[in-house]
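**Q** Sharing structure-v8.cif (mmCIF, C-alpha atoms and all ligand atoms) below.
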data_upload
#
loop_
_atom_site.group_PDB
_atom_site.id
_atom_site.type_symbol
_atom_site.label_atom_id
_atom_site.label_comp_id
_atom_site.auth_asym_id
_atom_site.auth_seq_id
_atom_site.Cartn_x
_atom_site.Cartn_y
_atom_site.Cartn_z
ATOM 1 C CA MET A 1229 -12.981 -15.661 -23.487
ATOM 2 C CA GLU A 1230 -14.746 -12.811 -25.210
ATOM 3 C CA LYS A 1231 -17.170 -12.630 -22.293
ATOM 4 C CA TYR A 1232 -14.330 -12.135 -19.810
ATOM 5 C CA PHE A 1233 -12.680 -9.613 -22.048
ATOM 6 C CA ASN A 1234 -15.939 -7.680 -22.339
ATOM 7 C CA ALA A 1235 -16.568 -7.878 -18.585
ATOM 8 C CA PHE A 1236 -13.076 -6.567 -17.922
ATOM 9 C CA LEU A 1237 -13.425 -3.852 -20.548
ATOM 10 C CA ASP A 1238 -16.823 -2.851 -19.142
ATOM 11 C CA SER A 1239 -15.419 -2.487 -15.660
ATOM 12 C CA LEU A 1240 -12.377 -0.601 -16.973
ATOM 13 C CA MET A 1241 -14.562 1.842 -18.888
ATOM 14 C CA GLY A 1242 -16.826 2.145 -15.858
ATOM 15 C CA THR A 1243 -13.804 2.999 -13.728
ATOM 16 C CA LEU A 1244 -12.477 5.576 -16.178
ATOM 17 C CA ASN A 1245 -15.916 7.132 -16.349
ATOM 18 C CA TRP A 1246 -16.209 7.103 -12.538
ATOM 19 C CA THR A 1247 -12.748 8.683 -12.181
ATOM 20 C CA TRP A 1248 -13.649 11.433 -14.618
ATOM 21 C CA LYS A 1249 -16.861 12.095 -12.692
ATOM 22 C CA SER A 1250 -14.832 12.162 -9.455
ATOM 23 C CA ILE A 1251 -12.531 14.821 -10.875
ATOM 24 C CA LEU A 1252 -15.619 16.873 -11.743
ATOM 25 C CA PHE A 1253 -17.150 16.353 -8.229
ATOM 26 C CA ASP A 1254 -19.993 14.424 -9.832
ATOM 27 C CA VAL A 1255 -19.984 11.544 -7.282
ATOM 28 C CA PRO A 1256 -20.930 11.388 -3.566
ATOM 29 C CA TRP A 1257 -18.111 13.077 -1.626
ATOM 30 C CA TYR A 1258 -17.272 10.061 0.544
ATOM 31 C CA THR A 1259 -16.653 7.953 -2.573
ATOM 32 C CA ASN A 1260 -14.322 10.480 -4.195
ATOM 33 C CA TYR A 1261 -10.863 8.888 -4.059
ATOM 34 C CA PHE A 1262 -9.400 11.426 -6.464
ATOM 35 C CA TRP A 1263 -10.035 14.541 -4.367
ATOM 36 C CA GLY A 1264 -9.901 12.481 -1.172
ATOM 37 C CA ILE A 1265 -6.241 11.614 -1.765
ATOM 38 C CA ILE A 1266 -5.434 15.213 -2.652
ATOM 39 C CA VAL A 1267 -7.129 16.551 0.500
ATOM 40 C CA LEU A 1268 -5.432 13.919 2.703
ATOM 41 C CA SER A 1269 -2.052 14.684 1.128
ATOM 42 C CA VAL A 1270 -2.380 18.431 1.667
ATOM 43 C CA LEU A 1271 -3.540 17.926 5.275
ATOM 44 C CA VAL A 1272 -0.602 15.637 6.159
ATOM 45 C CA TRP A 1273 1.799 17.983 4.349
ATOM 46 C CA ILE A 1274 0.515 20.947 6.412
ATOM 47 C CA LEU A 1275 1.056 18.850 9.578
ATOM 48 C CA GLU A 1276 4.607 18.010 8.406
ATOM 49 C CA ILE A 1277 5.385 21.685 7.812
ATOM 50 C CA SER A 1278 3.837 22.746 11.148
ATOM 51 C CA PHE A 1279 5.329 20.005 13.357
ATOM 52 C CA PRO A 1280 8.443 18.653 11.609
ATOM 53 C CA TRP A 1281 10.252 15.730 13.241
ATOM 54 C CA ARG A 1282 13.497 16.308 11.304
ATOM 55 C CA LYS A 1283 13.686 20.074 11.625
ATOM 56 C CA ASN A 1284 16.317 20.452 8.895
ATOM 57 C CA GLN A 1285 14.356 18.594 6.230
ATOM 58 C CA ALA A 1286 13.250 20.860 3.376
ATOM 59 C CA VAL A 1287 9.513 21.351 2.786
ATOM 60 C CA PHE A 1288 10.181 20.205 -0.783
ATOM 61 C CA ARG A 1289 12.416 17.308 0.283
ATOM 62 C CA LYS A 1290 14.506 15.144 -2.052
ATOM 63 C CA ASP A 1291 12.268 13.505 -4.714
ATOM 64 C CA PHE A 1292 9.168 15.394 -3.546
ATOM 65 C CA TRP A 1293 7.894 15.911 -7.101
ATOM 66 C CA LEU A 1294 8.694 12.365 -8.190
ATOM 67 C CA ASP A 1295 6.633 11.031 -5.289
ATOM 68 C CA ALA A 1296 3.855 13.561 -5.893
ATOM 69 C CA PHE A 1297 3.621 12.188 -9.430
ATOM 70 C CA TYR A 1298 3.514 8.645 -8.043
ATOM 71 C CA ILE A 1299 0.445 9.596 -6.001
ATOM 72 C CA PHE A 1300 -1.482 10.216 -9.232
ATOM 73 C CA PHE A 1301 0.017 7.315 -11.152
ATOM 74 C CA ASN A 1302 -0.640 4.737 -8.469
ATOM 75 C CA PHE A 1303 -3.997 6.280 -7.620
ATOM 76 C CA PHE A 1304 -5.314 5.396 -11.086
ATOM 77 C CA LEU A 1305 -3.897 1.876 -10.854
ATOM 78 C CA PHE A 1306 -5.414 1.532 -7.385
ATOM 79 C CA VAL A 1307 -8.859 2.522 -8.624
ATOM 80 C CA ILE A 1308 -8.632 0.172 -11.615
ATOM 81 C CA ALA A 1309 -7.344 -2.671 -9.448
ATOM 82 C CA ILE A 1310 -10.106 -2.201 -6.921
ATOM 83 C CA SER A 1311 -12.888 -2.242 -9.492
ATOM 84 C CA GLY A 1312 -12.750 -5.027 -12.046
ATOM 85 C CA PHE A 1313 -10.795 -7.964 -10.692
ATOM 86 C CA TYR A 1314 -13.193 -9.153 -7.998
ATOM 87 C CA LYS A 1315 -16.014 -9.230 -10.517
ATOM 88 C CA LEU A 1316 -13.884 -11.001 -13.119
ATOM 89 C CA LEU A 1317 -12.848 -13.666 -10.645
ATOM 90 C CA GLU A 1318 -16.428 -14.154 -9.512
ATOM 91 C CA LEU A 1319 -17.496 -14.631 -13.127
ATOM 92 C CA MET A 1320 -14.753 -17.207 -13.745
ATOM 93 C CA PHE A 1321 -15.635 -19.161 -10.604
ATOM 94 C CA LEU A 1322 -19.302 -19.227 -11.562
ATOM 95 C CA ASP A 1323 -18.468 -20.454 -15.050
ATOM 96 C CA ILE A 1324 -16.444 -23.408 -13.853
ATOM 97 C CA GLY A 1325 -19.308 -24.335 -11.577
ATOM 98 C CA ILE A 1326 -17.947 -23.010 -8.301
ATOM 99 C CA PRO A 1327 -20.412 -20.638 -6.626
ATOM 100 C CA SER A 1328 -18.779 -17.442 -5.406
ATOM 101 C CA ASP A 1329 -19.505 -18.289 -1.770
ATOM 102 C CA THR A 1330 -17.538 -21.583 -1.799
ATOM 103 C CA LEU A 1331 -14.672 -20.107 0.173
ATOM 104 C CA THR A 1332 -16.883 -18.211 2.602
ATOM 105 C CA LEU A 1333 -15.757 -18.850 6.162
ATOM 106 C CA ILE A 1334 -17.470 -15.927 7.843
ATOM 107 C CA ASN A 1335 -20.790 -14.680 6.576
ATOM 108 C CA LEU A 1336 -21.028 -11.002 7.421
ATOM 109 C CA GLN A 1337 -24.431 -10.371 5.903
ATOM 110 C CA GLU A 1338 -26.288 -10.123 9.202
ATOM 111 C CA TRP A 1339 -23.552 -8.231 11.033
ATOM 112 C CA PRO A 1340 -23.796 -4.514 11.828
ATOM 113 C CA PRO A 1341 -22.013 -2.438 9.129
ATOM 114 C CA PHE A 1342 -19.326 -1.228 11.534
ATOM 115 C CA LEU A 1343 -18.319 -4.765 12.484
ATOM 116 C CA GLN A 1344 -18.324 -5.826 8.827
ATOM 117 C CA LEU A 1345 -15.885 -3.026 8.014
ATOM 118 C CA LEU A 1346 -13.727 -3.821 11.036
ATOM 119 C CA VAL A 1347 -13.381 -7.507 10.123
ATOM 120 C CA PHE A 1348 -12.653 -6.593 6.493
ATOM 121 C CA PHE A 1349 -10.033 -4.030 7.598
ATOM 122 C CA VAL A 1350 -8.208 -6.380 10.002
ATOM 123 C CA LEU A 1351 -8.201 -9.318 7.596
ATOM 124 C CA LEU A 1352 -7.098 -7.194 4.649
ATOM 125 C CA ASP A 1353 -4.344 -5.628 6.724
ATOM 126 C CA PHE A 1354 -3.064 -9.040 7.788
ATOM 127 C CA VAL A 1355 -2.841 -10.414 4.238
ATOM 128 C CA GLN A 1356 -1.035 -7.237 3.200
ATOM 129 C CA TRP A 1357 1.421 -7.595 6.085
ATOM 130 C CA PHE A 1358 2.093 -11.142 4.927
ATOM 131 C CA THR A 1359 2.496 -10.129 1.266
ATOM 132 C CA HIS A 1360 4.826 -7.298 2.278
ATOM 133 C CA MET A 1361 6.983 -9.781 4.169
ATOM 134 C CA LEU A 1362 7.176 -11.950 1.034
ATOM 135 C CA LEU A 1363 8.276 -8.900 -0.993
ATOM 136 C CA HIS A 1364 11.282 -8.732 1.331
ATOM 137 C CA ARG A 1365 11.946 -12.482 1.481
ATOM 138 C CA TYR A 1366 12.051 -13.408 -2.211
ATOM 139 C CA ALA A 1367 14.721 -11.790 -4.341
ATOM 140 C CA PHE A 1368 12.644 -11.440 -7.524
ATOM 141 C CA LEU A 1369 9.861 -9.704 -5.548
ATOM 142 C CA TRP A 1370 12.368 -7.578 -3.676
ATOM 143 C CA GLU A 1371 13.697 -6.210 -7.005
ATOM 144 C CA PHE A 1372 10.300 -4.536 -7.545
ATOM 145 C CA HIS A 1373 9.865 -3.520 -3.916
ATOM 146 C CA LYS A 1374 13.262 -1.802 -4.024
ATOM 147 C CA VAL A 1375 11.542 1.130 -5.758
ATOM 148 C CA HIS A 1376 9.665 1.869 -2.522
ATOM 149 C CA HIS A 1377 12.836 1.456 -0.475
ATOM 150 C CA SER A 1378 14.847 3.810 -2.692
ATOM 151 C CA VAL A 1379 13.403 6.711 -0.665
ATOM 152 C CA LYS A 1380 16.337 8.516 0.954
ATOM 153 C CA GLU A 1381 14.407 11.305 2.686
ATOM 154 C CA MET A 1382 11.017 10.488 4.135
ATOM 155 C CA GLY A 1383 7.844 12.501 3.626
ATOM 156 C CA PHE A 1384 4.131 11.699 3.237
ATOM 157 C CA ALA A 1385 4.262 11.255 -0.571
ATOM 158 C CA ALA A 1386 6.879 8.486 -0.267
ATOM 159 C CA HIS A 1387 3.881 6.325 0.703
ATOM 160 C CA MET A 1388 2.825 6.123 -2.940
ATOM 161 C CA ARG A 1389 6.263 5.509 -4.487
ATOM 162 C CA TYR A 1390 5.990 1.852 -5.322
ATOM 163 C CA HIS A 1391 6.321 -0.273 -8.453
ATOM 164 C CA TRP A 1392 3.064 -0.865 -10.336
ATOM 165 C CA MET A 1393 3.778 -4.636 -10.207
ATOM 166 C CA GLU A 1394 3.136 -4.505 -6.450
ATOM 167 C CA ASN A 1395 -0.571 -4.132 -7.230
ATOM 168 C CA LEU A 1396 -0.415 -7.591 -8.833
ATOM 169 C CA PHE A 1397 1.540 -9.142 -5.961
ATOM 170 C CA TYR A 1398 -0.892 -7.865 -3.342
ATOM 171 C CA LYS A 1399 -3.944 -8.907 -5.343
ATOM 172 C CA PRO A 1400 -4.173 -12.711 -4.895
ATOM 173 C CA LEU A 1401 -4.257 -12.716 -1.099
ATOM 174 C CA LYS A 1402 -6.485 -9.642 -0.973
ATOM 175 C CA THR A 1403 -8.953 -11.361 -3.297
ATOM 176 C CA PHE A 1404 -8.767 -14.520 -1.188
ATOM 177 C CA ALA A 1405 -9.498 -12.488 1.954
ATOM 178 C CA VAL A 1406 -12.562 -10.972 0.318
ATOM 179 C CA MET A 1407 -13.807 -14.407 -0.740
ATOM 180 C CA VAL A 1408 -13.473 -15.733 2.795
ATOM 181 C CA LEU A 1409 -15.924 -13.030 3.860
ATOM 182 C CA GLY A 1410 -19.423 -13.688 2.602
ATOM 183 C CA GLY A 1411 -22.112 -11.072 2.068
ATOM 184 C CA PHE A 1412 -19.711 -8.187 1.832
ATOM 185 C CA GLU A 1413 -19.107 -5.736 -1.032
ATOM 186 C CA PRO A 1414 -15.445 -4.700 -0.861
ATOM 187 C CA GLU A 1415 -15.991 -1.921 -3.401
ATOM 188 C CA GLN A 1416 -18.220 -0.212 -0.847
ATOM 189 C CA ALA A 1417 -15.577 -0.082 1.893
ATOM 190 C CA TYR A 1418 -14.638 3.565 1.262
ATOM 191 C CA ILE A 1419 -13.999 4.318 4.946
ATOM 192 C CA VAL A 1420 -11.533 1.434 5.221
ATOM 193 C CA HIS A 1421 -9.628 2.512 2.119
ATOM 194 C CA PHE A 1422 -9.480 6.175 3.164
ATOM 195 C CA PHE A 1423 -8.412 5.199 6.676
ATOM 196 C CA ALA A 1424 -5.626 2.993 5.270
ATOM 197 C CA ILE A 1425 -4.442 5.769 2.937
ATOM 198 C CA ALA A 1426 -4.390 8.275 5.836
ATOM 199 C CA ILE A 1427 -2.382 5.910 8.077
ATOM 200 C CA GLY A 1428 -0.003 5.141 5.170
ATOM 201 C CA HIS A 1429 0.569 8.852 4.507
ATOM 202 C CA LEU A 1430 1.249 9.444 8.219
ATOM 203 C CA ASN A 1431 3.611 6.440 8.417
ATOM 204 C CA HIS A 1432 5.844 8.068 5.827
ATOM 205 C CA SER A 1433 5.468 11.634 7.073
ATOM 206 C CA ASN A 1434 8.057 13.800 8.789
ATOM 207 C CA ILE A 1435 5.971 13.894 11.962
ATOM 208 C CA LYS A 1436 6.887 12.170 15.192
ATOM 209 C CA LEU A 1437 3.785 10.207 16.102
ATOM 210 C CA THR A 1438 3.680 6.984 18.112
ATOM 211 C CA TRP A 1439 0.006 6.859 19.213
ATOM 212 C CA GLY A 1440 1.113 6.228 22.849
ATOM 213 C CA PRO A 1441 -0.039 2.845 24.127
ATOM 214 C CA LEU A 1442 -1.914 2.323 20.849
ATOM 215 C CA LYS A 1443 1.452 1.845 19.144
ATOM 216 C CA TYR A 1444 1.012 -1.894 19.692
ATOM 217 C CA ILE A 1445 -2.041 -1.754 17.442
ATOM 218 C CA PHE A 1446 -1.419 1.017 14.916
ATOM 219 C CA ASN A 1447 1.606 1.459 12.714
ATOM 220 C CA ASN A 1448 3.290 4.871 13.025
ATOM 221 C CA PRO A 1449 6.021 7.060 11.493
ATOM 222 C CA VAL A 1450 8.680 6.028 14.051
ATOM 223 C CA MET A 1451 8.099 2.344 13.466
ATOM 224 C CA HIS A 1452 7.874 2.653 9.688
ATOM 225 C CA LEU A 1453 11.029 4.786 9.466
ATOM 226 C CA TYR A 1454 12.919 1.751 10.765
ATOM 227 C CA HIS A 1455 11.281 -0.359 8.071
ATOM 228 C CA HIS A 1456 13.147 1.892 5.628
ATOM 229 C CA ALA A 1457 16.445 1.884 7.561
ATOM 230 C CA TYR A 1458 19.645 1.199 5.624
ATOM 231 C CA GLU A 1459 21.177 -0.842 8.452
ATOM 232 C CA LEU A 1460 19.138 -3.720 9.799
ATOM 233 C CA PRO A 1461 19.762 -5.640 13.004
ATOM 234 C CA GLU A 1462 21.608 -8.964 13.058
ATOM 235 C CA GLY A 1463 19.235 -11.862 12.451
ATOM 236 C CA LYS A 1464 16.633 -9.634 10.779
ATOM 237 C CA LYS A 1465 18.449 -8.831 7.569
ATOM 238 C CA ASN A 1466 15.351 -9.465 5.433
ATOM 239 C CA GLY A 1467 13.521 -6.639 7.118
ATOM 240 C CA VAL A 1468 11.594 -5.431 10.167
ATOM 241 C CA ASN A 1469 8.275 -3.653 10.839
ATOM 242 C CA TYR A 1470 6.350 -4.945 7.824
ATOM 243 C CA GLY A 1471 3.069 -3.475 9.132
ATOM 244 C CA ILE A 1472 0.777 -1.589 6.755
ATOM 245 C CA SER A 1473 -1.931 0.049 8.907
ATOM 246 C CA LEU A 1474 -1.566 -2.159 11.974
ATOM 247 C CA SER A 1475 1.652 -2.752 13.921
ATOM 248 C CA LEU A 1476 -0.009 -5.634 15.746
ATOM 249 C CA TRP A 1477 1.273 -8.351 13.386
ATOM 250 C CA ASP A 1478 4.906 -7.303 13.858
ATOM 251 C CA TYR A 1479 4.535 -7.568 17.630
ATOM 252 C CA ILE A 1480 2.781 -10.934 17.357
ATOM 253 C CA PHE A 1481 5.324 -12.405 14.921
ATOM 254 C CA LYS A 1482 8.328 -10.704 16.536
ATOM 255 C CA THR A 1483 9.367 -8.689 13.510
ATOM 256 C CA ASP A 1484 9.203 -5.381 15.418
ATOM 257 C CA TYR A 1485 12.292 -3.222 15.805
ATOM 258 C CA ILE A 1486 12.459 0.357 17.133
ATOM 259 C CA PRO A 1487 15.856 1.000 18.747
ATOM 260 C CA GLU A 1488 15.425 4.796 19.116
ATOM 261 C CA ASP A 1489 13.304 7.672 17.825
ATOM 262 C CA SER A 1490 15.576 10.528 16.719
ATOM 263 C CA GLY A 1491 14.235 10.262 13.151
ATOM 264 C CA LEU A 1492 17.789 10.615 11.833
ATOM 265 C CA VAL A 1493 18.481 7.049 10.721
ATOM 266 C CA PRO A 1494 19.984 6.656 7.189
ATOM 267 C CA LEU A 1495 17.436 5.219 4.730
ATOM 268 C CA GLY A 1496 17.647 2.929 1.706
ATOM 269 C CA TYR A 1497 19.384 -0.393 1.061
ATOM 270 C CA GLU A 1498 22.811 -1.577 0.030
ATOM 271 C CA GLY A 1499 23.144 -0.811 -3.689
ATOM 272 C CA ASP A 1500 20.363 1.794 -3.767
ATOM 273 C CA ASP A 1501 22.618 4.071 -5.826
ATOM 274 C CA GLU A 1502 21.877 1.749 -8.776
ATOM 275 C CA MET A 1503 18.152 2.518 -8.710
ATOM 276 C CA PRO A 1504 17.148 4.782 -11.621
ATOM 277 C CA THR A 1505 16.333 8.227 -10.259
ATOM 278 C CA GLY A 1506 13.553 8.996 -12.757
ATOM 279 C CA PHE A 1507 10.007 7.689 -13.032
ATOM 280 C CA PHE A 1508 10.451 5.834 -16.336
ATOM 281 C CA GLY A 1509 13.587 4.068 -15.208
ATOM 282 C CA GLN A 1510 11.768 2.899 -12.088
ATOM 283 C CA LEU A 1511 8.734 1.867 -14.136
ATOM 284 C CA PHE A 1512 10.747 -0.889 -15.836
ATOM 285 C CA HIS A 1513 12.989 -1.718 -12.900
ATOM 286 C CA GLY A 1514 12.903 -5.288 -11.641
ATOM 287 C CA PHE A 1515 12.263 -7.147 -14.887
ATOM 288 C CA ARG A 1516 15.900 -7.836 -15.570
ATOM 289 C CA TYR A 1517 16.395 -9.666 -12.331
ATOM 290 C CA LYS A 1518 19.642 -11.607 -12.314
ATOM 291 C CA LYS A 1519 19.845 -14.964 -10.560
ATOM 292 C CA LYS A 1520 23.145 -14.075 -8.942
ATOM 293 C CA ASN A 1521 21.355 -11.623 -6.637
ATOM 294 C CA LYS A 1522 19.798 -14.594 -4.917
ATOM 295 C CA LYS A 1523 19.620 -13.264 -1.415
ATOM 296 C CA PRO A 1524 17.823 -9.989 -0.850
ATOM 297 C CA LEU A 1525 20.075 -7.562 0.935
ATOM 298 C CA VAL A 1526 17.338 -6.057 3.054
HETATM 299 ZN ZN ZN B 1601 9.085 -2.865 2.528
HETATM 300 ZN ZN ZN B 1602 7.214 2.597 3.341
#
What is this file in structure tokens?
Ligand SMILES: [Zn+2]
Ligand SMILES: [Zn+2]
**A**
Amino acid sequence: MEKYFNAFLDSLMGTLNWTWKSILFDVPWYTNYFWGIIVLSVLVWILEISFPWRKNQAVFRKDFWLDAFYIFFNFFLFVIAISGFYKLLELMFLDIGIPSDTLTLINLQEWPPFLQLLVFFVLLDFVQWFTHMLLHRYAFLWEFHKVHHSVKEMGFAAHMRYHWMENLFYKPLKTFAVMVLGGFEPEQAYIVHFFAIAIGHLNHSNIKLTWGPLKYIFNNPVMHLYHHAYELPEGKKNGVNYGISLSLWDYIFKTDYIPEDSGLVPLGYEGDDEMPTGFFGQLFHGFRYKKKNKKPLV
């Protein structure tokens, strides 16, 4: 037990040290998530201000500062989550006599780096799509996911407003996906992570983008706005457009829904006025889930 604790502590300290070095620009630029997220945020914000979809939306929209704080809060959790858990799991598997490549279905070792990243990206996106759908299907998961859906006015920073428990819900399938791929170091996939963050920021931004014919592959602000819509279509009351970076899965599994593109659809969910408006209230939201709310409303 002590070994695991030490391994976890080592990786945690390593991450804190790495984050501090990132803040001080003491790491290679393409590995710098801290400044990378800030630069991406400012870029998407400038695009929002220059080409607004909802022309009447304020530059500092409702909950702008709350969501800006979430960017930093969830950034640190993201970095911690990405670092230690894979290693810890690998260690545990080895100790109970299961080599870490037991689950390997595709060995990427000999593949060109670009293809390795592409396979990792597509697989990771699919398991996240699936997890996201579960967050909408099961009431106790939905209680936590409500934090993300409490956004009433959409802007890039809304991307990072989500309950810290979501990191735990997404983890098992993400870890499984990594284990299916042999000979691949997920920690090294900086491009994939930055690309996913950029798409996520854009999906929540006040910019009308659809990517033209590529909309069947890539998620976009028009599609994701309807994921946040207050009113959902008959027969799809659990949710629509679950896509993270790719829209592909929603088209394949028929969970796509884009009735129009004015950008003016009311957002939230029935009962969203009960969501605490401050960060600390939201931090503890979801733990007092009552059985009577059996069916998720959205
Ligand atoms: Zn959702
Ligand atoms: Zn969203």
**Q** Selection in question (the file shown): the PyMOL selection byres (((chain A and resi 1470) around 7) and not hetatm). Which residues does it include, as JSON, numbers by chain?
**A** {"A": [1357, 1360, 1361, 1455, 1468, 1469, 1471, 1472, 1478]}
**Q** Would you translate the PyMOL selection byres (((not hetatm)) within 8 of (chain B and resi 1602)) into the concrete set of residues it matches in this file, as JSON, numbers by chain?
**A** {"A": [1376, 1377, 1386, 1387, 1428, 1431, 1432, 1452, 1453, 1455, 1456]}
**Q** So how far away is CA of Arg1365 in chain A from CA of Asn1466 in chain A, in Å?
**A** 6.0 Å
**Q** Taking only C-alpha atoms and all ligand atoms into account, name the residue in A:Tyr1485, A:Phe1354, A:Tyr1390, A:Phe1304 that is nearest to ligand ZN 1601 (chain B).
**A** A:Tyr1390
**Q** Nearest to Asp1484 in chain A among A:Ala1286, A:Met1503, A:Ile1445, A:Ile1326, with distances taken over only C-alpha atoms: which residue is it?
**A** A:Ile1445
**Q** Given the point (14.1, 10.6, -10.1) in the file's coordinates, find the residues that have an atom at most 7 Å from it, counting all atoms listed in the file, and give them as a ChimeraX atom specification.
**A** /A:1291,1294,1504-1507
**Q** Which one of A:Arg1516, A:Val1450, A:Tyr1232, A:Pro1280 sits closest to Ala1367 in chain A if you count only C-alpha atoms?
**A**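 Ranking A:Arg1516, A:Val1450, A:Tyr1232, A:Pro1280 by distance to Ala1367 in chain A, first place goes to A:Arg1516.
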**Q** Between A:Lys1465, A:Lys1436, A:Lys1402, A:His1373, which is the closest to ligand ZN 1601 (chain B) once you count all atoms listed in the file?
**A**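 Among A:Lys1465, A:Lys1436, A:Lys1402, A:His1373, it is A:His1373 that comes nearest to ligand ZN 1601 (chain B).
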**Q** For the provided coordinates, the residues matched by the PyMOL selection byres (((chain A and resi 1331-1341) around 9) and not hetatm) should be stated as a PyMOL selection string.
**A** chain A and resi 1327-1330+1342-1347+1404+1406-1412
**Q** Contacts of Tyr1258 in chain A at 9 Å or less, counting all atoms listed in the file, minus same-chain residues fewer than 3 places along, as a PyMOL selection string?
**A** chain A and resi 1255+1261+1264+1418-1419
**Q** With only C-alpha atoms as the counted atoms, please give the residues lying no more than 12 Å from Leu1271 in chain A, apart from itself and same-chain residues fewer than 3 positions off, as number ranges by chain.
**A** A: 1264-1268, 1274-1278, 1384-1385, 1426, 1429-1430, 1433
**Q** Mind giving me the straight-line distance from CA of Lys1374 in chain A to CA of Thr1483 in chain A in Å, one decimal?
**A**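 Atom-to-atom, CA of Lys1374 in chain A and CA of Thr1483 in chain A are spaced 19.2 Å apart.
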**Q** Restricting the calculation to only C-alpha atoms and all ligand atoms, which member of A:Trp1246, A:Trp1439, A:Phe1508, A:Tyr1458 is positioned closest to ligand ZN 1601 (chain B)?
**A**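 Closest candidate: A:Tyr1458.
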**Q** Between CA of Leu1305 in chain A and CA of His1513 in chain A, measure the distance and give it in Å to one decimal.
**A**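 Computed distance, CA of Leu1305 in chain A to CA of His1513 in chain A, equals 17.4 Å.
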